[in-house]
Structure formats: structure tokens, C-alpha cells
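This is structure28.cif. It holds mmCIF, C-alpha atoms.
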```
data_input
#
loop_
_atom_site.label_atom_id
_atom_site.label_comp_id
_atom_site.auth_asym_id
_atom_site.auth_seq_id
_atom_site.Cartn_x
_atom_site.Cartn_y
_atom_site.Cartn_z
CA MET G 266 21.19 -77.16 -11.92
CA ILE G 267 20.98 -80.35 -9.90
CA PRO G 268 18.06 -82.58 -10.96
CA LEU G 269 14.92 -81.85 -8.94
CA ARG G 270 11.41 -83.16 -9.37
CA LEU G 271 8.74 -80.50 -9.47
CA ALA G 272 7.28 -81.87 -6.23
CA GLU G 273 10.67 -81.34 -4.55
CA ILE G 274 10.85 -77.77 -5.80
CA ALA G 275 7.34 -77.12 -4.45
CA GLU G 276 8.36 -78.49 -1.06
CA ILE G 277 11.50 -76.32 -0.97
CA VAL G 278 9.67 -73.08 -1.82
CA GLY G 279 6.40 -73.80 -0.03
CA GLY G 280 4.39 -73.82 -3.25
CA THR G 281 1.65 -75.89 -4.84
CA THR G 282 2.11 -77.97 -7.98
CA VAL G 283 -0.34 -77.69 -10.84
CA GLY G 284 0.16 -80.34 -13.49
CA ASP G 285 2.57 -83.26 -13.52
CA SER G 286 4.57 -83.03 -10.27
CA SER G 287 6.86 -85.88 -11.33
CA VAL G 288 8.51 -83.77 -14.04
CA THR G 289 12.22 -83.39 -13.34
CA VAL G 290 14.08 -80.12 -13.88
CA THR G 291 17.63 -80.79 -15.04
CA ALA G 292 18.72 -77.50 -16.67
CA PRO G 293 19.16 -73.93 -15.36
CA ALA G 294 16.37 -71.53 -14.46
CA VAL G 295 15.76 -68.56 -16.79
CA LEU G 296 13.68 -65.39 -16.83
CA ASP G 297 13.64 -65.07 -20.63
CA SER G 298 11.46 -67.73 -22.24
CA ARG G 299 13.65 -67.65 -25.35
CA GLN G 300 16.71 -68.69 -23.34
CA ALA G 301 15.24 -71.87 -21.85
CA ASP G 302 17.28 -75.05 -22.28
CA PRO G 303 15.87 -78.58 -22.59
CA GLY G 304 14.90 -79.65 -19.10
CA GLY G 305 14.95 -76.10 -17.77
CA LEU G 306 12.81 -74.10 -15.36
CA PHE G 307 11.09 -70.92 -16.55
CA VAL G 308 10.64 -68.35 -13.78
CA ALA G 309 7.59 -66.20 -14.55
CA PHE G 310 7.05 -62.75 -13.07
CA ALA G 311 3.91 -60.69 -13.57
CA GLY G 312 5.29 -57.22 -14.30
CA ALA G 313 3.74 -53.85 -15.02
CA ARG G 314 4.49 -54.08 -18.76
CA ALA G 315 4.51 -57.82 -19.40
CA ASP G 316 3.35 -60.98 -17.67
CA GLY G 317 5.89 -63.78 -17.88
CA HIS G 318 3.19 -66.39 -17.43
CA ASP G 319 1.94 -65.53 -20.92
CA TYR G 320 5.25 -66.79 -22.34
CA ALA G 321 5.22 -70.22 -20.68
CA GLU G 322 4.32 -72.00 -23.90
CA GLN G 323 7.16 -70.24 -25.70
CA ALA G 324 9.50 -71.40 -22.92
CA GLY G 325 8.17 -74.91 -23.39
CA ARG G 326 8.92 -74.82 -27.10
CA ALA G 327 12.47 -73.76 -26.25
CA GLY G 328 12.84 -76.75 -23.92
CA ALA G 329 11.57 -75.72 -20.47
CA VAL G 330 9.71 -78.51 -18.69
CA ALA G 331 8.25 -76.51 -15.80
CA VAL G 332 7.41 -73.04 -14.49
CA LEU G 333 7.86 -71.29 -11.17
CA GLY G 334 5.19 -68.60 -11.04
CA SER G 335 2.31 -66.98 -9.20
CA ARG G 336 -0.47 -68.65 -11.21
CA PRO G 337 -0.93 -71.84 -13.27
CA THR G 338 0.39 -72.02 -16.83
CA PRO G 339 0.11 -74.57 -19.66
CA LEU G 340 3.33 -76.17 -18.38
CA PRO G 341 3.59 -78.01 -15.05
CA THR G 342 3.87 -75.16 -12.56
CA VAL G 343 4.88 -74.54 -8.97
CA VAL G 344 2.54 -71.78 -7.84
CA VAL G 345 3.72 -69.44 -5.06
CA LYS G 346 2.63 -66.09 -3.66
CA ASP G 347 6.04 -64.41 -4.03
CA VAL G 348 8.09 -65.61 -7.01
CA ARG G 349 11.24 -63.72 -6.04
CA SER G 350 11.26 -65.17 -2.53
CA ALA G 351 10.66 -68.62 -3.96
CA LEU G 352 13.56 -68.19 -6.39
CA HIS G 353 15.78 -67.18 -3.47
CA MET G 354 14.74 -70.18 -1.39
CA LEU G 355 15.35 -72.56 -4.26
CA ALA G 356 18.80 -71.14 -5.03
CA ALA G 357 19.85 -71.20 -1.38
CA GLN G 358 18.75 -74.81 -1.00
CA VAL G 359 20.47 -75.99 -4.18
CA VAL G 360 23.81 -74.44 -3.16
CA ALA G 361 23.39 -75.74 0.40
CA ARG G 362 23.15 -79.28 -0.98
CA LEU G 363 26.36 -78.71 -2.94
CA ARG G 364 28.26 -76.87 -0.20
CA GLU G 365 30.72 -79.64 0.63
CA GLY G 366 33.50 -79.34 -1.91
CA LEU G 367 32.20 -76.04 -3.33
CA THR G 368 34.12 -72.79 -2.87
CA VAL G 369 32.00 -69.66 -3.23
CA VAL G 370 33.75 -66.44 -4.29
CA ALA G 371 31.80 -63.17 -4.32
CA VAL G 372 33.03 -59.93 -5.90
CA THR G 373 31.79 -56.40 -5.26
CA GLY G 374 33.03 -52.85 -5.74
CA SER G 375 31.98 -49.55 -7.28
CA GLN G 376 33.80 -50.41 -10.50
CA GLY G 377 35.71 -53.33 -11.95
CA LYS G 378 33.33 -56.03 -10.68
CA THR G 379 32.61 -57.63 -14.01
CA GLY G 380 36.17 -57.48 -15.31
CA THR G 381 37.57 -58.99 -12.12
CA LYS G 382 34.83 -61.63 -12.10
CA ASP G 383 35.74 -62.54 -15.67
CA LEU G 384 39.44 -62.83 -14.82
CA LEU G 385 38.69 -64.85 -11.71
CA ALA G 386 36.42 -67.21 -13.63
CA ALA G 387 39.20 -67.75 -16.20
CA VAL G 388 41.69 -68.55 -13.45
CA LEU G 389 39.47 -70.86 -11.42
CA SER G 390 38.27 -72.69 -14.52
CA GLU G 391 41.82 -73.96 -14.95
CA ALA G 392 41.68 -75.45 -11.45
CA GLY G 393 38.24 -77.06 -11.60
CA PRO G 394 34.67 -76.84 -12.94
CA THR G 395 33.54 -73.25 -12.42
CA VAL G 396 30.20 -71.46 -12.66
CA ALA G 397 30.31 -67.66 -12.82
CA THR G 398 27.93 -64.75 -13.27
CA VAL G 399 27.15 -64.09 -16.92
CA GLY G 400 27.82 -60.47 -17.85
CA SER G 401 26.67 -58.22 -15.01
CA LEU G 402 23.67 -60.20 -13.72
CA ASN G 403 24.56 -59.22 -10.18
CA ASN G 404 21.26 -58.25 -8.52
CA GLU G 405 18.55 -60.00 -6.49
CA LEU G 406 17.54 -62.01 -9.55
CA GLY G 407 20.88 -62.51 -11.29
CA VAL G 408 22.64 -63.94 -8.23
CA PRO G 409 20.12 -66.72 -7.52
CA LEU G 410 19.92 -67.57 -11.24
CA THR G 411 23.71 -67.99 -11.26
CA MET G 412 23.54 -70.12 -8.12
CA LEU G 413 21.02 -72.42 -9.81
CA ARG G 414 23.51 -73.13 -12.60
CA ALA G 415 25.75 -74.98 -10.12
CA GLN G 416 25.89 -78.75 -10.45
CA ALA G 417 27.29 -81.64 -8.45
CA ALA G 418 30.64 -81.39 -10.26
CA THR G 419 31.00 -77.63 -9.71
CA ARG G 420 34.04 -76.78 -7.63
CA PHE G 421 33.97 -72.98 -7.79
CA LEU G 422 30.98 -70.64 -7.81
CA VAL G 423 31.89 -67.03 -8.70
CA LEU G 424 29.19 -64.49 -7.93
CA GLU G 425 29.27 -60.81 -8.87
CA MET G 426 27.24 -58.87 -6.31
CA GLY G 427 25.96 -55.35 -6.99
CA ALA G 428 23.87 -52.98 -4.90
CA ARG G 429 21.81 -49.82 -5.13
CA HIS G 430 20.77 -49.57 -1.48
CA VAL G 431 22.19 -50.31 1.93
CA GLY G 432 21.30 -53.90 2.76
CA ASP G 433 21.27 -55.22 -0.81
CA ILE G 434 24.52 -57.18 -0.46
CA ALA G 435 23.55 -58.44 2.98
CA ALA G 436 20.42 -59.90 1.38
CA LEU G 437 22.54 -61.68 -1.22
CA THR G 438 25.00 -63.10 1.32
CA GLY G 439 21.92 -64.32 3.18
CA LEU G 440 21.38 -66.66 0.22
CA VAL G 441 24.95 -67.93 0.29
CA ALA G 442 27.80 -66.91 2.58
CA PRO G 443 30.95 -66.46 0.48
CA ASP G 444 34.10 -68.35 1.41
CA ILE G 445 36.12 -65.64 -0.32
CA PRO G 446 34.57 -62.14 -0.45
CA VAL G 447 36.48 -59.76 -2.73
CA VAL G 448 36.00 -55.99 -2.25
CA LEU G 449 37.59 -53.96 -5.03
CA ASN G 450 36.92 -50.32 -4.18
CA VAL G 451 34.49 -47.73 -2.88
CA GLY G 452 33.68 -45.11 -5.51
CA VAL G 453 30.78 -42.87 -6.41
CA ALA G 454 28.73 -45.18 -8.64
CA HIS G 455 25.02 -44.89 -7.69
CA LEU G 456 25.87 -42.01 -5.33
CA GLY G 457 22.44 -40.55 -6.00
CA GLU G 458 20.83 -43.73 -4.72
CA PHE G 459 23.06 -44.16 -1.67
CA GLY G 460 23.32 -40.51 -0.67
CA SER G 461 26.94 -40.60 0.50
CA ARG G 462 30.21 -42.41 -0.07
CA ALA G 463 30.06 -43.61 3.54
CA ALA G 464 26.80 -45.39 2.76
CA ILE G 465 28.44 -47.00 -0.28
CA ALA G 466 31.32 -48.20 1.90
CA ARG G 467 28.88 -49.57 4.46
CA THR G 468 27.06 -51.50 1.75
CA LYS G 469 30.24 -52.96 0.25
CA SER G 470 31.35 -54.00 3.74
CA GLU G 471 28.27 -56.22 3.98
CA LEU G 472 30.14 -58.69 1.79
CA VAL G 473 32.87 -59.09 4.42
CA GLN G 474 30.32 -59.26 7.22
CA GLY G 475 28.62 -62.10 5.36
CA LEU G 476 31.82 -64.16 5.21
CA ALA G 477 31.38 -67.91 5.77
CA PRO G 478 33.08 -69.38 8.85
CA GLY G 479 36.71 -70.21 8.06
CA GLY G 480 36.71 -68.00 4.95
CA THR G 481 39.27 -65.46 3.74
CA ALA G 482 38.51 -61.85 2.82
CA VAL G 483 40.31 -60.26 -0.15
CA LEU G 484 40.65 -56.48 0.13
CA ASN G 485 42.15 -53.62 -1.91
CA ALA G 486 45.23 -52.32 -0.09
CA ASP G 487 45.12 -49.06 -2.09
CA ASP G 488 41.64 -47.99 -0.95
CA PRO G 489 41.49 -46.86 2.72
CA ARG G 490 37.73 -47.44 2.87
CA VAL G 491 38.25 -51.04 1.78
CA THR G 492 41.29 -51.62 3.98
CA ALA G 493 39.21 -50.54 6.99
CA MET G 494 36.95 -53.56 6.39
CA ARG G 495 39.72 -55.77 7.79
CA ALA G 496 38.29 -54.96 11.22
CA LEU G 497 35.00 -56.66 10.29
CA THR G 498 36.45 -60.17 10.31
CA ASP G 499 38.55 -62.19 12.72
CA GLY G 500 39.57 -64.51 9.90
CA PRO G 501 42.48 -64.26 7.47
CA VAL G 502 42.71 -61.36 5.02
CA VAL G 503 44.65 -61.19 1.75
CA THR G 504 45.27 -57.75 0.26
CA PHE G 505 46.12 -56.68 -3.28
CA GLY G 506 47.23 -53.47 -4.95
CA ARG G 507 50.25 -51.29 -5.62
CA ALA G 508 50.80 -50.36 -1.96
CA ALA G 509 54.02 -51.61 -0.39
CA HIS G 510 52.12 -53.63 2.22
CA ALA G 511 49.87 -55.45 -0.28
CA ASP G 512 50.09 -59.24 -0.12
CA VAL G 513 49.66 -59.47 -3.90
CA ARG G 514 51.51 -56.42 -5.15
CA VAL G 515 51.59 -54.98 -8.66
CA LEU G 516 55.14 -54.01 -9.62
CA ASP G 517 56.85 -52.74 -12.79
CA LEU G 518 53.58 -51.92 -14.54
CA SER G 519 53.96 -50.96 -18.20
CA LEU G 520 51.73 -50.69 -21.27
CA ASP G 521 52.41 -51.68 -24.85
CA ARG G 522 51.45 -49.55 -27.88
CA LEU G 523 47.88 -50.91 -27.73
CA GLY G 524 47.48 -50.07 -24.05
CA ARG G 525 47.79 -53.66 -22.80
CA PRO G 526 49.43 -53.99 -19.37
CA SER G 527 52.35 -56.10 -18.26
CA CYS G 528 53.48 -56.32 -14.66
CA THR G 529 55.05 -58.45 -11.99
CA LEU G 530 52.77 -59.82 -9.29
CA ARG G 531 54.68 -60.35 -6.07
CA THR G 532 52.93 -62.68 -3.64
CA PRO G 533 53.77 -64.46 -0.38
CA THR G 534 54.40 -67.63 -2.41
CA GLY G 535 56.62 -66.06 -5.07
CA SER G 536 56.51 -63.67 -8.01
CA ALA G 537 55.26 -64.01 -11.57
CA HIS G 538 55.34 -61.82 -14.65
CA VAL G 539 51.98 -61.33 -16.36
CA THR G 540 51.06 -59.85 -19.74
CA LEU G 541 47.32 -59.32 -20.12
CA PRO G 542 45.50 -59.41 -23.47
CA LEU G 543 43.24 -56.60 -22.21
CA ILE G 544 43.29 -52.83 -22.55
CA GLY G 545 43.93 -50.47 -19.64
CA ALA G 546 46.36 -50.19 -16.75
CA HIS G 547 43.48 -50.76 -14.31
CA GLN G 548 43.26 -54.36 -15.54
CA ALA G 549 46.54 -55.08 -13.73
CA LEU G 550 44.83 -54.33 -10.41
CA ASN G 551 41.85 -56.47 -11.41
CA ALA G 552 44.29 -59.26 -12.22
CA ALA G 553 45.95 -58.84 -8.82
CA ALA G 554 42.55 -59.14 -7.14
CA ALA G 555 41.81 -62.30 -9.13
CA VAL G 556 45.16 -63.82 -8.20
CA ALA G 557 44.68 -62.93 -4.52
CA ALA G 558 41.30 -64.69 -4.50
CA ALA G 559 42.71 -67.65 -6.41
CA LEU G 560 45.54 -68.05 -3.90
CA ALA G 561 42.98 -67.94 -1.09
CA ALA G 562 41.13 -70.74 -2.90
CA GLY G 563 44.27 -72.86 -3.03
CA VAL G 564 45.13 -72.33 -6.70
CA PRO G 565 48.90 -72.32 -7.40
CA LEU G 566 50.37 -69.00 -8.52
CA ALA G 567 51.77 -70.42 -11.77
CA LEU G 568 48.39 -71.81 -12.80
CA ALA G 569 46.61 -68.58 -11.95
CA THR G 570 48.97 -66.28 -13.85
CA ALA G 571 49.08 -68.57 -16.89
CA ALA G 572 45.29 -68.42 -17.14
CA LEU G 573 45.35 -64.62 -17.13
CA THR G 574 47.35 -64.47 -20.35
CA THR G 575 44.38 -65.74 -22.39
CA ALA G 576 41.48 -64.29 -20.38
CA THR G 577 38.63 -62.43 -22.07
CA LEU G 578 36.06 -59.98 -20.75
CA SER G 579 32.30 -59.71 -21.05
CA PRO G 580 31.16 -57.66 -24.09
CA TRP G 581 31.36 -53.87 -24.26
CA ARG G 582 34.19 -53.53 -21.71
CA LEU G 583 36.96 -51.67 -23.56
CA GLU G 584 36.32 -54.02 -26.44
CA PRO G 585 38.58 -53.12 -29.40
CA ARG G 586 37.29 -53.21 -32.97
CA ASP G 587 39.00 -52.25 -36.22
CA LEU G 588 36.68 -50.10 -38.31
CA ALA G 589 36.45 -50.05 -42.11
CA CYS G 590 37.70 -46.48 -42.21
CA GLY G 591 40.99 -47.52 -40.59
CA ALA G 592 40.16 -46.19 -37.13
CA THR G 593 40.02 -48.27 -33.93
CA LEU G 594 36.91 -48.38 -31.75
CA LEU G 595 37.09 -48.94 -28.00
CA ASN G 596 33.57 -50.01 -27.09
CA ASP G 597 33.19 -49.44 -23.34
CA SER G 598 29.49 -48.66 -23.57
CA TYR G 599 28.07 -51.15 -21.07
CA ASN G 600 28.05 -48.72 -18.15
CA ALA G 601 29.89 -45.76 -16.66
CA ASN G 602 30.62 -43.80 -13.52
CA PRO G 603 33.27 -41.11 -12.95
CA ASP G 604 35.97 -43.52 -11.78
CA SER G 605 35.46 -46.08 -14.53
CA THR G 606 35.32 -43.30 -17.13
CA ARG G 607 38.65 -41.93 -15.96
CA ALA G 608 40.14 -45.42 -16.22
CA ALA G 609 38.80 -45.72 -19.77
CA LEU G 610 40.23 -42.31 -20.66
CA ASP G 611 43.62 -43.39 -19.31
CA ALA G 612 43.39 -46.46 -21.55
CA LEU G 613 42.54 -44.26 -24.54
CA ALA G 614 45.52 -42.01 -23.84
CA ALA G 615 47.88 -45.01 -23.67
CA ILE G 616 47.08 -46.27 -27.17
CA GLU G 617 49.14 -45.03 -30.08
CA GLY G 618 47.07 -43.26 -32.72
CA GLU G 619 46.74 -40.22 -34.94
CA ARG G 620 43.91 -38.71 -32.88
CA ARG G 621 42.21 -39.84 -29.71
CA ILE G 622 38.48 -39.13 -29.66
CA ALA G 623 36.39 -39.59 -26.50
CA VAL G 624 32.67 -39.99 -27.17
CA LEU G 625 31.05 -39.68 -23.75
CA GLY G 626 27.43 -39.82 -22.68
CA ALA G 627 25.68 -39.16 -19.39
CA MET G 628 26.71 -40.93 -16.19
CA LEU G 629 23.51 -41.62 -14.30
CA GLU G 630 22.54 -41.87 -10.62
CA LEU G 631 25.09 -39.35 -9.31
CA GLY G 632 22.57 -37.25 -7.40
CA ASP G 633 23.37 -33.68 -6.45
CA ASP G 634 27.01 -34.15 -7.49
CA SER G 635 26.08 -35.03 -11.07
CA GLU G 636 26.98 -31.74 -12.77
CA ALA G 637 30.27 -31.39 -10.90
CA GLU G 638 31.24 -35.00 -11.62
CA HIS G 639 30.46 -34.63 -15.32
CA ARG G 640 32.40 -31.38 -15.51
CA GLY G 641 35.35 -33.03 -13.76
CA VAL G 642 35.33 -35.92 -16.22
CA GLY G 643 35.33 -33.39 -19.06
CA THR G 644 38.44 -31.70 -17.67
CA TYR G 645 40.10 -35.10 -17.25
CA ALA G 646 39.15 -36.08 -20.81
CA ALA G 647 40.58 -32.89 -22.31
CA ALA G 648 44.00 -33.84 -20.95
CA ARG G 649 43.84 -37.27 -22.59
CA ALA G 650 41.89 -36.87 -25.83
CA ASP G 651 42.23 -34.62 -28.85
CA VAL G 652 38.44 -34.39 -29.21
CA VAL G 653 35.83 -34.77 -26.47
CA ALA G 654 32.34 -35.35 -27.86
CA ALA G 655 29.56 -35.04 -25.28
CA VAL G 656 26.44 -36.89 -26.46
CA GLY G 657 23.03 -35.76 -25.23
CA GLU G 658 21.86 -32.99 -22.93
CA GLY G 659 22.82 -34.95 -19.81
CA ALA G 660 26.45 -34.99 -20.94
CA ARG G 661 26.66 -31.25 -21.71
CA PRO G 662 28.65 -30.51 -18.49
CA ILE G 663 31.36 -32.83 -19.85
CA ALA G 664 31.79 -30.42 -22.75
CA ASP G 665 31.84 -27.49 -20.33
CA GLY G 666 34.72 -29.14 -18.46
CA ALA G 667 36.60 -30.08 -21.62
CA GLY G 668 36.71 -26.53 -22.95
CA GLU G 669 38.18 -25.96 -26.41
CA ARG G 670 38.52 -29.65 -27.22
CA ALA G 671 34.81 -30.30 -26.76
CA LEU G 672 31.80 -30.49 -28.98
CA VAL G 673 28.19 -31.27 -28.10
CA LEU G 674 26.23 -33.80 -30.15
CA ALA G 675 22.48 -33.73 -29.63
CA ASP G 676 21.87 -37.47 -29.56
CA ASN G 677 23.16 -40.87 -30.68
CA ASP G 678 22.18 -40.31 -34.31
CA ALA G 679 24.11 -37.07 -34.35
CA ALA G 680 27.11 -38.85 -32.84
CA VAL G 681 27.03 -41.54 -35.53
CA HIS G 682 26.80 -38.97 -38.31
CA TRP G 683 29.65 -36.87 -36.92
CA LEU G 684 31.90 -39.90 -36.44
CA ARG G 685 31.22 -41.25 -39.92
CA ASP G 686 32.13 -37.86 -41.36
CA HIS G 687 35.26 -37.28 -39.30
CA LEU G 688 36.92 -40.60 -38.40
CA ALA G 689 40.11 -41.30 -40.34
CA THR G 690 42.82 -43.91 -40.53
CA GLY G 691 44.81 -44.13 -37.31
CA ASP G 692 42.18 -42.53 -35.09
CA VAL G 693 41.21 -44.21 -31.81
CA VAL G 694 37.67 -43.56 -30.58
CA LEU G 695 36.36 -44.40 -27.10
CA VAL G 696 32.60 -44.77 -26.62
CA LYS G 697 31.45 -44.74 -22.99
CA ALA G 698 28.35 -43.82 -20.97
CA SER G 699 25.88 -45.22 -18.49
CA ARG G 700 23.71 -48.00 -19.82
CA GLY G 701 20.68 -45.73 -19.98
CA ALA G 702 22.39 -43.53 -22.58
CA ARG G 703 22.55 -46.50 -24.96
CA LEU G 704 25.81 -45.50 -26.57
CA ASP G 705 26.13 -49.17 -27.56
CA GLU G 706 23.93 -48.06 -30.48
CA VAL G 707 26.67 -45.69 -31.58
CA ALA G 708 29.30 -48.40 -31.34
CA ALA G 709 27.10 -50.84 -33.26
CA ALA G 710 26.46 -48.31 -36.03
CA LEU G 711 30.17 -47.69 -36.48
CA ARG G 712 30.86 -51.40 -36.83
#
```

Would you give me this structure, written as C-alpha cells?
Amino acid sequence: MIPLRLAEIAEIVGGTTVGDSSVTVTAPAVLDSRQADPGGLFVAFAGARADGHDYAEQAGRAGAVAVLGSRPTPLPTVVVKDVRSALHMLAAQVVARLREGLTVVAVTGSQGKTGTKDLLAAVLSEAGPTVATVGSLNNELGVPLTMLRAQAATRFLVLEMGARHVGDIAALTGLVAPDIPVVLNVGVAHLGEFGSRAAIARTKSELVQGLAPGGTAVLNADDPRVTAMRALTDGPVVTFGRAAHADVRVLDLSLDRLGRPSCTLRTPTGSAHVTLPLIGAHQALNAAAAVAAALAAGVPLALATAALTTATLSPWRLEPRDLACGATLLNDSYNANPDSTRAALDALAAIEGERRIAVLGAMLELGDDSEAEHRGVGTYAAARADVVAAVGEGARPIADGAGERALVLADNDAAVHWLRDHLATGDVVLVKASRGARLDEVAAALR
């Protein structure tokens, strides 16, 4: 974060200072008092279960020098009526002061956002100082917190933008208009919240509509709903995908025995061969999206593709682990929807092993289509795994779709016990579900 005196912060957000207004904030803003850095700003929300203001002293012990909140605290505090609005105003102002020389890239899509963001951050970091979203902090709080990590030397700001309602992404682009909006796909994630795939497409298109003047949109050439967003901008568009007309085209895609993809990326400026240290054919498309955005940002193709060969992903995204029993764990437990689960199952099927075991939990927020989507994933899984274990009552339709290859495990404890009893040397086990199913507990117990 750029250095700001508390009095300056109060002026920006229309708040009142209580305590020493000359204190200078020099480190990022945080919501978790335990994560405060020396010189940082603790943002306190009064929630239904906990009041952040009560943790101000803990934040101070961790290094925070000030608080942004709705009431005074033991630390110097900027008091405002609406903390979220104040956080938004502060983030927008900080980035506005840095805008000259700063390229803002924003990534959205129904799946693949975090992986593509991670790849893009790896690429851009080779070209200049880069700040990117940590993990999947992509909502109305995570985006401004990421923005506040930008400093005077920052050249690239990479923002993952998620949504659960129409208008959510428009609100985020209202904080900062992206120079390079990247739209990956329109799937069925959060279908229960949006109500229709058309509404999801409309929401994702808000990223293109929020494009900064003179910016370049990056769109998936393989997804007709995304390609249609070209009409929303008069500016340049760069496309990526496997389609013949894609500007950054994936060619000659192959997988090694561990499911890691290699391909040729053909671009308007030349071609390059890329071998990714990641699991899953879908990562080749994510890499193409990252390269397309990097080219739009002026990064040479050779630099971009070289960076991809050592890129890593945020935790719990098809994360491989060797287990003591000789089996291999693919921990993809961070989140799930039907499309991302199919991609994970394809990755499982591509890996050499004695048996392939898919441990699948519920996929949440699918609305009226939930049972059919779960059943469809079960059918898909049965064609790619030797055993399909559905964990929890919400995942039972997966077992119905998987037929003879399926078993139902009552809960996470039951899943752990079954796996400990049945895993053997050479097995490959995929663990995947929506975050609410907490299958990360299963993965952790196996490790």
C-alpha cells in the first residue's frame, strides 16, 4: 500500500479520526487481525457472529498501526458509517493515484479463474513488479484488499473477479476499470443464484463493459457466449482457444503419464512450445488465456511462455501428493461445479495408475438443476474412474449416475476410513467438492 497518513485516509473515505491522525499506514489492509503486517491497516466489520473491533488490540500486537471501522478502538481509528463503502473508496483512490504506468488485468469466468490468474501472475512477474489476488479472494472485499496491496513500483495489478448476482462485476469494475479484461467461459457455477445461464453470461459480460478506454479485451474463442461479448467493445480483442480462428491457438495438445499438458501456442507474433508443470488438459487453455493477456500487456511471447514452465497454482487445485501407502492424491477440494468437476475427472483419467478413484462431494448452488447435474457428473465419472465414491447425502445423485462403480459414504469421516482401508500402491485418488462440503478435511487426513 502507498504510505498514507490516517488524516488522509479519513479525508478520502469521509470519516472521522479518533486518536493520533498523524499515524502513517505503510502496509496492506487486512480483515484478519492475525494477518496484520507492521504498519498495516486493520479493517473492522461488526458481524452477526463476531465484531472485528474487538480484535483491534490483537491487530496492533501483530503490527497494525490503525483501524478502519464503524466505532472507535484502542488503536487510532478512522470511523465511518459504512466500512465496506469506505474500503471501496480507499482502494479506488489508491489505484487512481498509481494509474499512470500501472496495467490492470481482471479475470472472470465460471471456472478456471484462479488457475488462470495464477499463471498470469507468474508471467507478468517476469516482466515487472506484479500484485495479484491471493487464492480466490475475488469478491467485494477481496478485490479492494488486493488493490490496496499495490505500491508505487507496481507495474501489473491482476484481479480475479467473481460474482453471485447480476451487477456484482459491474460494481467491481466501478472501483477500477481493467485495461485487459479476460473472460474465460460461461458455465453453470452458481446457477441457483443466477437463475439462468443467460444471466451468468450477462454478469460475465460486465467485465468487458467495464473496460478502460484504450484497453484490450481477451475472450475465449471456444465459448460462443464469450465470443458474443466482442460486440460490447469497439476496442481491440484478442481471442484464445483451440478454435481455428483463435488469435492464441492451442495446437498439438498432449499429456504425459502424470497428466501434465504440452502444446504449441500459435500467436500473431509467432509460435512457442510449452510444457506445463500442472495437471490437466484444461490448463493448456488457461495458459493460452494467460499468454493472450500477456501479449495484450506488451510482454514478449518468449518471456511469457518461459514463465509458464515453472508456474504454480494456489493450494487445493489438482494438487498432487504422494501418500504413505503408495497411492497418489489429487487434492482439488477448494471448490467445484459440474464443468470443473468434469475437467478434474479428465485429469484423473489421464494419469497412469493401478486404479482411479474419484471421491466426490456435493456441488452447491445449482438450483433446480442440482440433481440432474450431480447425476450427469456421476455418469461422466463412471467412464473415467474405477471407483466413484459419493460423500454425503447431497452427493447421492452422483452415485445414482455412476451405477455399478459407485458407493455412497455417509460423511467425511466415513470417506477417510474407507480410503485408509482400501487405498493401495499405484492408486490415484481425486478428492473434489464444493467448498461447503469440506472435503479438504478428507485430503488432509490422508496426508

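Residue nearest G:Ile465, chosen from G:Asp444, G:Asp433, G:Asp692, G:Asp665 and counting all atoms listed in the file: G:Asp433.
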
Open item on the list: Evaluate the PyMOL selection byres ((chain G and resi 522) around 9) against this structure - the residues, as a ChimeraX atom specification, please.
Closed with: /G:520-521,523-525,615-617

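Atom CA of G:Arg607 is positioned 7.1 Å from atom CA of G:Tyr645.
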
- [ ] Please indicate the distance in Å from atom CA of G:Pro337 to atom CA of G:Val283, rounded to one decimal place.
- [x] 6.4 Å

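With all atoms listed in the file taken into account, the protein and nucleic acid residues at most 7 Å from stretch 625-629 of chain G (excluding it and anything under 3 positions from it in its own chain) are Ala601, Asn602, Ala654, Ala655, Val656, Gly657, Gly659, Ala660, Val696, Lys697, Ala698, Ser699 and Ala702 of chain G.
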
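If all atoms listed in the file are the atoms counted, then among G:His353, G:Val399, G:Gln358, G:Glu630 the closest residue to G:Ala436 is G:His353.
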
Written as a CSV table (one decimal) with C-alpha atoms, keeping the file's coordinate frame, what is the full residue list that the PyMOL selection byres ((chain G and resi 556) around 8) yields on the file shown?
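Okay, result.csv is ready:
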```csv
chain,number,residue,atom,x,y,z
G,385,LEU,CA,38.7,-64.8,-11.7
G,388,VAL,CA,41.7,-68.6,-13.4
G,513,VAL,CA,49.7,-59.5,-3.9
G,552,ALA,CA,44.3,-59.3,-12.2
G,553,ALA,CA,46.0,-58.8,-8.8
G,554,ALA,CA,42.6,-59.1,-7.1
G,555,ALA,CA,41.8,-62.3,-9.1
G,557,ALA,CA,44.7,-62.9,-4.5
G,558,ALA,CA,41.3,-64.7,-4.5
G,559,ALA,CA,42.7,-67.6,-6.4
G,560,LEU,CA,45.5,-68.0,-3.9
G,566,LEU,CA,50.4,-69.0,-8.5
G,569,ALA,CA,46.6,-68.6,-12.0
G,570,THR,CA,49.0,-66.3,-13.8
```

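With atom CA of G:Ala428 on one side and atom CA of G:Arg495 on the other, the separation reads 20.5 Å.
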
Neighbour list for G:Arg620 as a compact mmCIF listing (two decimals) with C-alpha atoms, in the frame of the given file, cut-off 9 Å, only C-alpha atoms, skip fewer than 3 positions in-chain:
```txt
# COMPACT_ATOMS: atom_id res chain seq x y z
CA GLU G 617 49.14 -45.03 -30.08
CA ALA G 650 41.89 -36.87 -25.83
CA ASP G 651 42.23 -34.62 -28.85
CA VAL G 652 38.44 -34.39 -29.21
CA ALA G 689 40.11 -41.30 -40.34
CA GLY G 691 44.81 -44.13 -37.31
CA ASP G 692 42.18 -42.53 -35.09
CA VAL G 693 41.21 -44.21 -31.81
CA VAL G 694 37.67 -43.56 -30.58
```

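Nearest to G:Thr575 of all the residues G:Val448, G:Ala387, G:Val624, G:Leu410 is G:Ala387, based on all atoms listed in the file.
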